[in-house]
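Content type PDB, C-alpha atoms and all ligand atoms, from the file model.pdb:
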ATOM      1  CA  MET A 250      85.408 102.426 129.127  1.00  0.00           C
ATOM      2  CA  LEU A 251      88.827 101.611 127.688  1.00  0.00           C
ATOM      3  CA  ALA A 252      89.035 101.000 123.933  1.00  0.00           C
ATOM      4  CA  ILE A 253      91.827  99.415 121.959  1.00  0.00           C
ATOM      5  CA  ILE A 254      92.240 100.266 118.285  1.00  0.00           C
ATOM      6  CA  GLY A 255      94.188  97.398 116.788  1.00  0.00           C
ATOM      7  CA  GLY A 256      96.333  97.818 113.688  1.00  0.00           C
ATOM      8  CA  SER A 257      98.294  95.396 111.518  1.00  0.00           C
ATOM      9  CA  GLY A 258      98.947  92.192 113.437  1.00  0.00           C
ATOM     10  CA  LEU A 259      96.098  92.805 115.883  1.00  0.00           C
ATOM     11  CA  VAL A 260      92.735  92.417 114.142  1.00  0.00           C
ATOM     12  CA  ARG A 261      91.193  90.586 117.089  1.00  0.00           C
ATOM     13  CA  LEU A 262      91.689  90.702 120.853  1.00  0.00           C
ATOM     14  CA  SER A 263      91.685  87.019 121.715  1.00  0.00           C
ATOM     15  CA  ASN A 264      91.598  87.774 125.441  1.00  0.00           C
ATOM     16  CA  LEU A 265      88.339  89.743 125.188  1.00  0.00           C
ATOM     17  CA  GLU A 266      85.665  87.686 126.943  1.00  0.00           C
ATOM     18  CA  ARG A 267      81.926  87.615 126.256  1.00  0.00           C
ATOM     19  CA  ALA A 268      82.343  90.059 123.403  1.00  0.00           C
ATOM     20  CA  GLU A 269      79.268  91.418 121.669  1.00  0.00           C
ATOM     21  CA  ARG A 270      79.595  93.175 118.323  1.00  0.00           C
ATOM     22  CA  ARG A 271      77.986  96.579 118.030  1.00  0.00           C
ATOM     23  CA  GLU A 272      77.348  97.872 114.512  1.00  0.00           C
ATOM     24  CA  MET A 273      76.919 101.591 114.129  1.00  0.00           C
ATOM     25  CA  SER A 274      76.646 104.217 111.456  1.00  0.00           C
ATOM     26  CA  THR A 275      77.836 107.751 112.161  1.00  0.00           C
ATOM     27  CA  PRO A 276      77.291 111.183 110.576  1.00  0.00           C
ATOM     28  CA  TYR A 277      80.702 110.607 108.958  1.00  0.00           C
ATOM     29  CA  GLY A 278      79.932 107.213 107.458  1.00  0.00           C
ATOM     30  CA  ALA A 279      80.774 103.677 108.466  1.00  0.00           C
ATOM     31  CA  PRO A 280      83.542 102.803 110.949  1.00  0.00           C
ATOM     32  CA  SER A 281      86.201 100.271 109.934  1.00  0.00           C
ATOM     33  CA  ALA A 282      84.342  97.413 111.645  1.00  0.00           C
ATOM     34  CA  PRO A 283      81.704  96.754 114.299  1.00  0.00           C
ATOM     35  CA  LEU A 284      82.925  97.510 117.816  1.00  0.00           C
ATOM     36  CA  ALA A 285      83.614  94.391 119.891  1.00  0.00           C
ATOM     37  CA  VAL A 286      82.645  95.104 123.493  1.00  0.00           C
ATOM     38  CA  GLY A 287      83.447  92.563 126.176  1.00  0.00           C
ATOM     39  CA  THR A 288      85.471  92.180 129.345  1.00  0.00           C
ATOM     40  CA  ILE A 289      89.063  91.463 130.298  1.00  0.00           C
ATOM     41  CA  ASN A 290      89.414  90.193 133.852  1.00  0.00           C
ATOM     42  CA  GLY A 291      85.936  91.505 134.545  1.00  0.00           C
ATOM     43  CA  ARG A 292      86.579  95.044 133.259  1.00  0.00           C
ATOM     44  CA  PRO A 293      84.746  96.375 130.193  1.00  0.00           C
ATOM     45  CA  VAL A 294      86.979  96.800 127.142  1.00  0.00           C
ATOM     46  CA  ALA A 295      86.085  97.684 123.556  1.00  0.00           C
ATOM     47  CA  PHE A 296      88.091  96.654 120.518  1.00  0.00           C
ATOM     48  CA  LEU A 297      88.066  98.101 117.009  1.00  0.00           C
ATOM     49  CA  ALA A 298      89.984  96.649 114.042  1.00  0.00           C
ATOM     50  CA  ARG A 299      91.411  99.758 112.376  1.00  0.00           C
ATOM     51  CA  HIS A 300      91.929  98.130 108.970  1.00  0.00           C
ATOM     52  CA  GLY A 301      88.617  96.219 109.125  1.00  0.00           C
ATOM     53  CA  ASP A 302      87.920  92.665 110.280  1.00  0.00           C
ATOM     54  CA  GLU A 303      89.544  91.258 107.142  1.00  0.00           C
ATOM     55  CA  HIS A 304      92.412  93.753 107.082  1.00  0.00           C
ATOM     56  CA  THR A 305      91.256  95.297 103.795  1.00  0.00           C
ATOM     57  CA  ILE A 306      91.250  99.053 104.521  1.00  0.00           C
ATOM     58  CA  ALA A 307      94.532 100.803 103.665  1.00  0.00           C
ATOM     59  CA  PRO A 308      95.862 103.526 106.015  1.00  0.00           C
ATOM     60  CA  HIS A 309      94.803 106.406 103.729  1.00  0.00           C
ATOM     61  CA  GLU A 310      91.335 104.873 103.223  1.00  0.00           C
ATOM     62  CA  ILE A 311      90.452 104.474 106.899  1.00  0.00           C
ATOM     63  CA  ASN A 312      87.470 106.523 108.006  1.00  0.00           C
ATOM     64  CA  TYR A 313      89.194 107.894 111.102  1.00  0.00           C
ATOM     65  CA  ARG A 314      86.341 110.274 111.880  1.00  0.00           C
ATOM     66  CA  ALA A 315      83.712 107.516 111.895  1.00  0.00           C
ATOM     67  CA  ASN A 316      85.928 105.340 114.098  1.00  0.00           C
ATOM     68  CA  ILE A 317      86.547 107.999 116.735  1.00  0.00           C
ATOM     69  CA  TRP A 318      82.940 109.210 116.630  1.00  0.00           C
ATOM     70  CA  MET A 319      81.689 105.670 117.225  1.00  0.00           C
ATOM     71  CA  LEU A 320      83.993 105.254 120.232  1.00  0.00           C
ATOM     72  CA  LYS A 321      82.719 108.495 121.762  1.00  0.00           C
ATOM     73  CA  GLU A 322      79.101 107.444 121.161  1.00  0.00           C
ATOM     74  CA  GLN A 323      79.771 104.096 122.826  1.00  0.00           C
ATOM     75  CA  GLN A 324      80.921 105.773 126.061  1.00  0.00           C
ATOM     76  CA  VAL A 325      84.630 105.208 125.507  1.00  0.00           C
ATOM     77  CA  SER A 326      86.791 107.637 127.491  1.00  0.00           C
ATOM     78  CA  ARG A 327      90.297 106.229 126.911  1.00  0.00           C
ATOM     79  CA  ILE A 328      91.776 104.954 123.667  1.00  0.00           C
ATOM     80  CA  VAL A 329      94.950 102.935 123.355  1.00  0.00           C
ATOM     81  CA  SER A 330      96.104 102.708 119.774  1.00  0.00           C
ATOM     82  CA  VAL A 331      98.232  99.720 118.852  1.00  0.00           C
ATOM     83  CA  ALA A 332     100.144 100.429 115.656  1.00  0.00           C
ATOM     84  CA  ALA A 333     102.939  98.721 113.740  1.00  0.00           C
ATOM     85  CA  VAL A 334     105.863 101.013 112.920  1.00  0.00           C
ATOM     86  CA  GLY A 335     109.283 100.990 111.358  1.00  0.00           C
ATOM     87  CA  GLY A 336     112.139 101.752 113.744  1.00  0.00           C
ATOM     88  CA  ILE A 337     114.364 104.749 112.929  1.00  0.00           C
ATOM     89  CA  ARG A 338     116.193 105.271 116.229  1.00  0.00           C
ATOM     90  CA  LYS A 339     118.929 102.625 116.611  1.00  0.00           C
ATOM     91  CA  GLU A 340     117.597 101.206 119.880  1.00  0.00           C
ATOM     92  CA  PHE A 341     114.170 100.622 118.332  1.00  0.00           C
ATOM     93  CA  GLY A 342     114.797  97.376 116.468  1.00  0.00           C
ATOM     94  CA  PRO A 343     112.217  94.782 115.389  1.00  0.00           C
ATOM     95  CA  GLY A 344     110.072  93.661 118.319  1.00  0.00           C
ATOM     96  CA  ALA A 345     110.619  96.804 120.421  1.00  0.00           C
ATOM     97  CA  LEU A 346     107.557  98.401 122.031  1.00  0.00           C
ATOM     98  CA  VAL A 347     107.451 102.185 122.344  1.00  0.00           C
ATOM     99  CA  VAL A 348     104.974 104.595 123.945  1.00  0.00           C
ATOM    100  CA  PRO A 349     105.521 107.656 121.737  1.00  0.00           C
ATOM    101  CA  SER A 350     105.392 111.139 123.224  1.00  0.00           C
ATOM    102  CA  GLN A 351     105.252 113.316 120.103  1.00  0.00           C
ATOM    103  CA  ILE A 352     103.957 113.253 116.530  1.00  0.00           C
ATOM    104  CA  ILE A 353     104.996 114.778 113.209  1.00  0.00           C
ATOM    105  CA  ASP A 354     102.243 114.542 110.618  1.00  0.00           C
ATOM    106  CA  TYR A 355     103.296 114.003 106.983  1.00  0.00           C
ATOM    107  CA  THR A 356      99.929 112.669 105.805  1.00  0.00           C
ATOM    108  CA  TRP A 357      97.822 114.524 103.268  1.00  0.00           C
ATOM    109  CA  GLY A 358      94.309 114.451 101.834  1.00  0.00           C
ATOM    110  CA  ARG A 359      92.746 112.756 104.850  1.00  0.00           C
ATOM    111  CA  ARG A 360      89.558 114.048 106.500  1.00  0.00           C
ATOM    112  CA  SER A 361      91.291 115.232 109.624  1.00  0.00           C
ATOM    113  CA  THR A 362      88.856 117.321 111.667  1.00  0.00           C
ATOM    114  CA  PHE A 363      85.291 117.303 112.968  1.00  0.00           C
ATOM    115  CA  PHE A 364      85.325 121.105 112.913  1.00  0.00           C
ATOM    116  CA  GLU A 365      84.515 121.849 109.282  1.00  0.00           C
ATOM    117  CA  GLY A 366      81.523 122.264 107.033  1.00  0.00           C
ATOM    118  CA  ALA A 367      78.564 124.600 106.939  1.00  0.00           C
ATOM    119  CA  GLY A 368      77.921 126.392 110.205  1.00  0.00           C
ATOM    120  CA  ALA A 369      80.717 124.684 112.147  1.00  0.00           C
ATOM    121  CA  PRO A 370      82.550 127.203 114.311  1.00  0.00           C
ATOM    122  CA  VAL A 371      86.270 127.499 113.544  1.00  0.00           C
ATOM    123  CA  THR A 372      87.958 125.590 116.360  1.00  0.00           C
ATOM    124  CA  HIS A 373      91.671 125.104 117.064  1.00  0.00           C
ATOM    125  CA  ILE A 374      92.476 122.386 119.580  1.00  0.00           C
ATOM    126  CA  ASP A 375      95.662 122.558 121.646  1.00  0.00           C
ATOM    127  CA  PHE A 376      97.892 119.736 120.426  1.00  0.00           C
ATOM    128  CA  THR A 377     101.223 120.691 122.027  1.00  0.00           C
ATOM    129  CA  GLU A 378     101.260 117.319 123.778  1.00  0.00           C
ATOM    130  CA  PRO A 379      99.412 115.034 121.361  1.00  0.00           C
ATOM    131  CA  TYR A 380      99.124 112.060 123.717  1.00  0.00           C
ATOM    132  CA  ALA A 381      97.345 111.940 127.092  1.00  0.00           C
ATOM    133  CA  ASP A 382     100.129 111.902 129.663  1.00  0.00           C
ATOM    134  CA  GLY A 383      98.164 109.986 132.307  1.00  0.00           C
ATOM    135  CA  LEU A 384      97.269 107.221 129.876  1.00  0.00           C
ATOM    136  CA  ARG A 385     100.871 107.024 128.611  1.00  0.00           C
ATOM    137  CA  LYS A 386     102.019 106.467 132.183  1.00  0.00           C
ATOM    138  CA  GLU A 387      99.362 103.822 132.762  1.00  0.00           C
ATOM    139  CA  ILE A 388     100.608 101.890 129.721  1.00  0.00           C
ATOM    140  CA  LEU A 389     104.197 102.134 130.971  1.00  0.00           C
ATOM    141  CA  ARG A 390     103.126 100.988 134.423  1.00  0.00           C
ATOM    142  CA  ALA A 391     101.263  98.024 132.922  1.00  0.00           C
ATOM    143  CA  GLY A 392     104.405  97.115 130.965  1.00  0.00           C
ATOM    144  CA  SER A 393     106.548  97.180 134.124  1.00  0.00           C
ATOM    145  CA  ALA A 394     103.959  95.212 136.086  1.00  0.00           C
ATOM    146  CA  CYS A 395     104.114  92.321 133.631  1.00  0.00           C
ATOM    147  CA  ALA A 396     107.877  92.668 133.012  1.00  0.00           C
ATOM    148  CA  GLU A 397     107.481  93.550 129.335  1.00  0.00           C
ATOM    149  CA  PRO A 398     110.094  96.145 128.322  1.00  0.00           C
ATOM    150  CA  ILE A 399     108.429  99.181 126.783  1.00  0.00           C
ATOM    151  CA  ALA A 400     110.244 102.394 125.934  1.00  0.00           C
ATOM    152  CA  ASP A 401     109.056 105.722 127.337  1.00  0.00           C
ATOM    153  CA  GLY A 402     108.945 108.396 124.642  1.00  0.00           C
ATOM    154  CA  GLY A 403     109.804 108.937 121.034  1.00  0.00           C
ATOM    155  CA  VAL A 404     108.647 110.937 118.052  1.00  0.00           C
ATOM    156  CA  TYR A 405     106.145 109.189 115.791  1.00  0.00           C
ATOM    157  CA  ALA A 406     106.236 110.237 112.131  1.00  0.00           C
ATOM    158  CA  ALA A 407     102.917 109.623 110.360  1.00  0.00           C
ATOM    159  CA  THR A 408     103.412 108.987 106.640  1.00  0.00           C
ATOM    160  CA  GLN A 409     100.763 108.628 103.959  1.00  0.00           C
ATOM    161  CA  GLY A 410     101.500 105.103 102.712  1.00  0.00           C
ATOM    162  CA  PRO A 411     100.414 102.623 101.710  1.00  0.00           C
ATOM    163  CA  ARG A 412     103.898 102.197 100.264  1.00  0.00           C
ATOM    164  CA  LEU A 413     106.822 102.063 102.630  1.00  0.00           C
ATOM    165  CA  GLU A 414     109.350 104.913 102.608  1.00  0.00           C
ATOM    166  CA  THR A 415     112.517 105.331 100.582  1.00  0.00           C
ATOM    167  CA  ALA A 416     115.852 105.265 102.396  1.00  0.00           C
ATOM    168  CA  ALA A 417     116.263 109.000 101.718  1.00  0.00           C
ATOM    169  CA  GLU A 418     112.836 109.732 103.162  1.00  0.00           C
ATOM    170  CA  ILE A 419     113.856 107.910 106.344  1.00  0.00           C
ATOM    171  CA  ASP A 420     117.077 109.999 106.484  1.00  0.00           C
ATOM    172  CA  ARG A 421     114.930 113.094 106.254  1.00  0.00           C
ATOM    173  CA  LEU A 422     112.521 111.897 108.930  1.00  0.00           C
ATOM    174  CA  GLU A 423     115.476 111.227 111.206  1.00  0.00           C
ATOM    175  CA  MET A 424     116.817 114.738 110.617  1.00  0.00           C
ATOM    176  CA  ASP A 425     113.362 115.998 111.527  1.00  0.00           C
ATOM    177  CA  GLY A 426     113.691 114.178 114.848  1.00  0.00           C
ATOM    178  CA  ALA A 427     111.495 111.142 114.205  1.00  0.00           C
ATOM    179  CA  ASP A 428     112.195 107.873 116.062  1.00  0.00           C
ATOM    180  CA  VAL A 429     109.533 105.598 114.569  1.00  0.00           C
ATOM    181  CA  VAL A 430     107.445 105.769 111.400  1.00  0.00           C
ATOM    182  CA  GLY A 431     103.909 104.530 110.815  1.00  0.00           C
ATOM    183  CA  MET A 432     100.920 105.307 108.612  1.00  0.00           C
ATOM    184  CA  THR A 433      97.907 105.486 110.920  1.00  0.00           C
ATOM    185  CA  GLY A 434      98.780 107.711 113.887  1.00  0.00           C
ATOM    186  CA  MET A 435      97.220 110.755 112.237  1.00  0.00           C
ATOM    187  CA  PRO A 436      94.596 112.109 112.093  1.00  0.00           C
ATOM    188  CA  GLU A 437      93.450 109.567 114.677  1.00  0.00           C
ATOM    189  CA  ALA A 438      95.181 111.233 117.639  1.00  0.00           C
ATOM    190  CA  ALA A 439      93.937 114.725 116.739  1.00  0.00           C
ATOM    191  CA  LEU A 440      90.352 113.560 116.232  1.00  0.00           C
ATOM    192  CA  ALA A 441      90.367 111.929 119.676  1.00  0.00           C
ATOM    193  CA  ARG A 442      91.573 115.226 121.157  1.00  0.00           C
ATOM    194  CA  GLU A 443      88.827 117.109 119.314  1.00  0.00           C
ATOM    195  CA  LEU A 444      86.216 114.940 121.028  1.00  0.00           C
ATOM    196  CA  GLY A 445      87.921 115.156 124.417  1.00  0.00           C
ATOM    197  CA  LEU A 446      88.994 111.511 124.575  1.00  0.00           C
ATOM    198  CA  ASP A 447      92.249 110.424 126.229  1.00  0.00           C
ATOM    199  CA  TYR A 448      94.469 108.859 123.576  1.00  0.00           C
ATOM    200  CA  ALA A 449      97.880 107.178 123.749  1.00  0.00           C
ATOM    201  CA  ALA A 450      99.669 104.613 121.620  1.00  0.00           C
ATOM    202  CA  ILE A 451     101.769 101.489 121.769  1.00  0.00           C
ATOM    203  CA  ALA A 452     104.028 101.550 118.712  1.00  0.00           C
ATOM    204  CA  VAL A 453     105.148  98.055 117.817  1.00  0.00           C
ATOM    205  CA  VAL A 454     108.380  98.039 115.825  1.00  0.00           C
ATOM    206  CA  ALA A 455     107.859  95.548 112.999  1.00  0.00           C
ATOM    207  CA  ASN A 456     111.047  96.287 111.037  1.00  0.00           C
ATOM    208  CA  HIS A 457     114.035  98.552 110.756  1.00  0.00           C
ATOM    209  CA  ALA A 458     112.897 101.541 108.693  1.00  0.00           C
ATOM    210  CA  ALA A 459     113.942 101.592 105.022  1.00  0.00           C
ATOM    211  CA  GLY A 460     117.691 101.695 104.492  1.00  0.00           C
ATOM    212  CA  ARG A 461     118.479 100.879 108.140  1.00  0.00           C
ATOM    213  CA  GLY A 462     119.814  97.700 109.769  1.00  0.00           C
ATOM    214  CA  ASP A 463     118.587  94.574 108.020  1.00  0.00           C
ATOM    215  CA  SER A 464     116.310  96.769 105.884  1.00  0.00           C
ATOM    216  CA  ALA A 465     119.400  98.214 104.137  1.00  0.00           C
ATOM    217  CA  GLN A 466     118.549  96.395 100.900  1.00  0.00           C
ATOM    218  CA  GLY A 467     114.768  96.137 101.318  1.00  0.00           C
ATOM    219  CA  ILE A 468     111.995  95.177 103.726  1.00  0.00           C
ATOM    220  CA  SER A 469     110.614  91.641 103.887  1.00  0.00           C
ATOM    221  CA  MET A 470     106.852  91.457 104.528  1.00  0.00           C
ATOM    222  CA  GLU A 471     107.261  87.869 105.664  1.00  0.00           C
ATOM    223  CA  THR A 472     109.662  88.841 108.442  1.00  0.00           C
ATOM    224  CA  ILE A 473     107.337  91.669 109.495  1.00  0.00           C
ATOM    225  CA  GLY A 474     104.512  89.152 109.947  1.00  0.00           C
ATOM    226  CA  LEU A 475     106.604  86.951 112.219  1.00  0.00           C
ATOM    227  CA  VAL A 476     107.884  89.854 114.313  1.00  0.00           C
ATOM    228  CA  LEU A 477     104.364  91.209 114.799  1.00  0.00           C
ATOM    229  CA  GLU A 478     102.971  87.838 115.807  1.00  0.00           C
ATOM    230  CA  ASP A 479     105.411  87.571 118.673  1.00  0.00           C
ATOM    231  CA  ALA A 480     105.196  91.240 119.667  1.00  0.00           C
ATOM    232  CA  MET A 481     101.375  91.238 119.775  1.00  0.00           C
ATOM    233  CA  ARG A 482     101.470  88.424 122.320  1.00  0.00           C
ATOM    234  CA  ARG A 483     103.373  90.826 124.571  1.00  0.00           C
ATOM    235  CA  VAL A 484     101.019  93.687 123.755  1.00  0.00           C
ATOM    236  CA  ARG A 485      98.016  91.541 124.770  1.00  0.00           C
ATOM    237  CA  ARG A 486      99.609  90.900 128.161  1.00  0.00           C
ATOM    238  CA  ILE A 487     100.143  94.632 128.663  1.00  0.00           C
ATOM    239  CA  ILE A 488      96.525  95.335 127.718  1.00  0.00           C
ATOM    240  CA  GLU A 489      95.280  92.709 130.180  1.00  0.00           C
ATOM    241  CA  ARG A 490      97.221  94.445 132.888  1.00  0.00           C
ATOM    242  CA  LEU A 491      96.066  97.893 131.806  1.00  0.00           C
ATOM    243  CA  ALA A 492      92.420  96.816 131.934  1.00  0.00           C
ATOM    244  CA  VAL A 493      92.577  96.057 135.663  1.00  0.00           C
ATOM    245  CA  GLN A 494      94.748  98.987 136.762  1.00  0.00           C
TER     246      GLN A 494
HETATM  247  N1  LIG A 501     107.076 102.501 107.609  1.00  0.00           N
HETATM  248  C1  LIG A 501     105.794 102.918 107.787  1.00  0.00           C
HETATM  249  N2  LIG A 501     104.869 102.190 108.392  1.00  0.00           N
HETATM  250  C2  LIG A 501     105.232 100.989 108.883  1.00  0.00           C
HETATM  251  C3  LIG A 501     106.536 100.489 108.734  1.00  0.00           C
HETATM  252  C4  LIG A 501     107.501 101.279 108.073  1.00  0.00           C
HETATM  253  O1  LIG A 501     108.687 100.909 107.906  1.00  0.00           O
HETATM  254  N3  LIG A 501     106.552  99.252 109.302  1.00  0.00           N
HETATM  255  C5  LIG A 501     105.294  99.023 109.799  1.00  0.00           C
HETATM  256  N4  LIG A 501     104.499 100.074 109.534  1.00  0.00           N
END

Target encoding structure tokens, full file:
Amino acid sequence: MLAIIGGSGLVRLSNLERAERREMSTPYGAPSAPLAVGTINGRPVAFLARHGDEHTIAPHEINYRANIWMLKEQQVSRIVSVAAVGGIRKEFGPGALVVPSQIIDYTWGRRSTFFEGAGAPVTHIDFTEPYADGLRKEILRAGSACAEPIADGGVYAATQGPRLETAAEIDRLEMDGADVVGMTGMPEAALARELGLDYAAIAVVANHAAGRGDSAQGISMETIGLVLEDAMRRVRRIIERLAVQ
């Protein structure tokens, strides 16, 4: 089954039909929300609100392990993460959709592995390519099929949040090679890999990153809300297409 993890701007999948809500506890605690399982065009799709149904769980407070564990337990095999980001690369302005190809992790203090604790064997997953290539291509194909422009590739920088970055931090991220910046991409992607789940992302550019473009003097939360509202309409169309591919 395909699962969508929705971030800011996507707390519900309005095109999910006949959805039932499955509540679950896990050995790692409670997931962000019950899993909504329904169909899109007759195909089973699950949806999880990453920040909770009421959007109350901050990026560093999310129980990523419980979320990914729940998806595995519920027979999910493919995860598409939808995540708001700031755009660093010039072409990635507000409203752009990007399927990232790489990750740099700047987060800290998050529970970021299933392989720890008493008796757990030391395990190092291969993470050279952090996203599942086949699933990335399926997302890109779905975008083309419904004529929604979606960029192929980019480096996602995962920051700790919940505050936004300083302009100098964005300069540094750019020097590191980052193209977009968000707060939730890690450890989510690594945990999915640890459990053998295919994972890819649609990064939705909500704003120019700090110090760039119209964010030169600051970032307006109000504008972000409007940009995301429009962009998520496009993301829903892509997901509809993806579900039937
Ligand atoms: N930085 C980090 N995370 C974000 C941003 C940003 O500028 N916009 C949306 N999520």

Set the cut-off to 9 Å, count all atoms listed in the file, and list whatever residues fall near ligand LIG 501 (chain A) as a PDB file with C-alpha atoms, in the frame of the given file.
ATOM      1  CA  SER A 257      98.294  95.396 111.518  1.00  0.00           C
ATOM      2  CA  ALA A 332     100.144 100.429 115.656  1.00  0.00           C
ATOM      3  CA  ALA A 333     102.939  98.721 113.740  1.00  0.00           C
ATOM      4  CA  VAL A 334     105.863 101.013 112.920  1.00  0.00           C
ATOM      5  CA  GLY A 335     109.283 100.990 111.358  1.00  0.00           C
ATOM      6  CA  GLY A 336     112.139 101.752 113.744  1.00  0.00           C
ATOM      7  CA  ILE A 337     114.364 104.749 112.929  1.00  0.00           C
ATOM      8  CA  ALA A 406     106.236 110.237 112.131  1.00  0.00           C
ATOM      9  CA  ALA A 407     102.917 109.623 110.360  1.00  0.00           C
ATOM     10  CA  THR A 408     103.412 108.987 106.640  1.00  0.00           C
ATOM     11  CA  GLN A 409     100.763 108.628 103.959  1.00  0.00           C
ATOM     12  CA  GLY A 410     101.500 105.103 102.712  1.00  0.00           C
ATOM     13  CA  PRO A 411     100.414 102.623 101.710  1.00  0.00           C
ATOM     14  CA  ARG A 412     103.898 102.197 100.264  1.00  0.00           C
ATOM     15  CA  LEU A 413     106.822 102.063 102.630  1.00  0.00           C
ATOM     16  CA  GLU A 414     109.350 104.913 102.608  1.00  0.00           C
ATOM     17  CA  ILE A 419     113.856 107.910 106.344  1.00  0.00           C
ATOM     18  CA  VAL A 429     109.533 105.598 114.569  1.00  0.00           C
ATOM     19  CA  VAL A 430     107.445 105.769 111.400  1.00  0.00           C
ATOM     20  CA  GLY A 431     103.909 104.530 110.815  1.00  0.00           C
ATOM     21  CA  MET A 432     100.920 105.307 108.612  1.00  0.00           C
ATOM     22  CA  THR A 433      97.907 105.486 110.920  1.00  0.00           C
ATOM     23  CA  VAL A 453     105.148  98.055 117.817  1.00  0.00           C
ATOM     24  CA  VAL A 454     108.380  98.039 115.825  1.00  0.00           C
ATOM     25  CA  ALA A 455     107.859  95.548 112.999  1.00  0.00           C
ATOM     26  CA  ASN A 456     111.047  96.287 111.037  1.00  0.00           C
ATOM     27  CA  HIS A 457     114.035  98.552 110.756  1.00  0.00           C
ATOM     28  CA  ALA A 458     112.897 101.541 108.693  1.00  0.00           C
ATOM     29  CA  ALA A 459     113.942 101.592 105.022  1.00  0.00           C
ATOM     30  CA  SER A 464     116.310  96.769 105.884  1.00  0.00           C
ATOM     31  CA  ILE A 468     111.995  95.177 103.726  1.00  0.00           C
ATOM     32  CA  ILE A 473     107.337  91.669 109.495  1.00  0.00           C
TER      33      ILE A 473
END

Task: Val260 (chain A) surroundings by all atoms listed in the file, 7 Å radius, close-in-sequence under 3 positions cut, as an MDAnalysis selection string - done: chainID A and resid 255:257 298 302

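Relative to CA of Ile254 (chain A), CA of Glu310 (chain A) is found at 15.8 Å.
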
Task: Between CA of Ile399 (chain A) and CA of Gly462 (chain A) - distance in Å to one decimal - done: 20.5 Å

TODO: Excluding region 442-445 of chain A and residues on its chain fewer than 6 positions from it, collect all residues at most 10 Å away from it, counting only C-alpha atoms, and give them as a ChimeraX atom specification.
DONE: /A:317-318,320-321,326-327,362-364,372-376,379-381

Task: Nearest to Tyr313 (chain A), chosen from A:Met424, A:Ala394, A:Leu259, A:Leu297, with all atoms listed in the file counted in the distances - done: A:Leu297

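Of the residues under consideration (A:Glu322, A:Glu418, A:Asp428, A:Glu387), A:Asp428 shows the shortest atom-to-atom contact distance to Val347 (chain A) when counting all atoms listed in the file.
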
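Each of A:Ala465, A:Leu384, A:Ala367, A:Val294 was compared to Ala416 (chain A) using only C-alpha atoms, and A:Ala465 turns out to be the nearest.
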
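Evaluated on this file, the PyMOL selection byres (((chain A and resi 268) around 6) and not hetatm) matches Glu266, Arg267, Glu269, Ala285, Val286 and Gly287 of chain A.
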
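Within the 8 Å cut-off around Pro283 (chain A), using all atoms listed in the file and omitting residues fewer than 6 positions from it on the same chain, the listed residues are Arg270, Arg271, Glu272, Met273 and Leu297 of chain A.
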
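Minimum atom-to-atom distance to Gln351 (chain A), evaluated using only C-alpha atoms, belongs to A:Gly426 out of A:Gly278, A:Gly426, A:Gly258, A:Gly383.
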
TODO: Find the distance between CA of Glu303 (chain A) and CA of Leu284 (chain A) and write it in Å to one decimal.
DONE: 14.0 Å

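Each of A:Leu491, A:Val325, A:Ala252, A:Ala441 was compared to Gly392 (chain A) using all atoms listed in the file, and A:Leu491 turns out to be the nearest.
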
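Counting all atoms listed in the file and comparing A:Leu265, A:Ala438, A:Ala427, A:Leu477, the residue that lies closest to Glu378 (chain A) is A:Ala438.
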
Open item on the list: I'd like to see the residues matched by the PyMOL selection byres (((chain A and resi 290) around 8) and not hetatm) on this file, and ideally I'd get them as a PyMOL selection string.
Closed with: chain A and resi 288-289+291-292+489+492-493
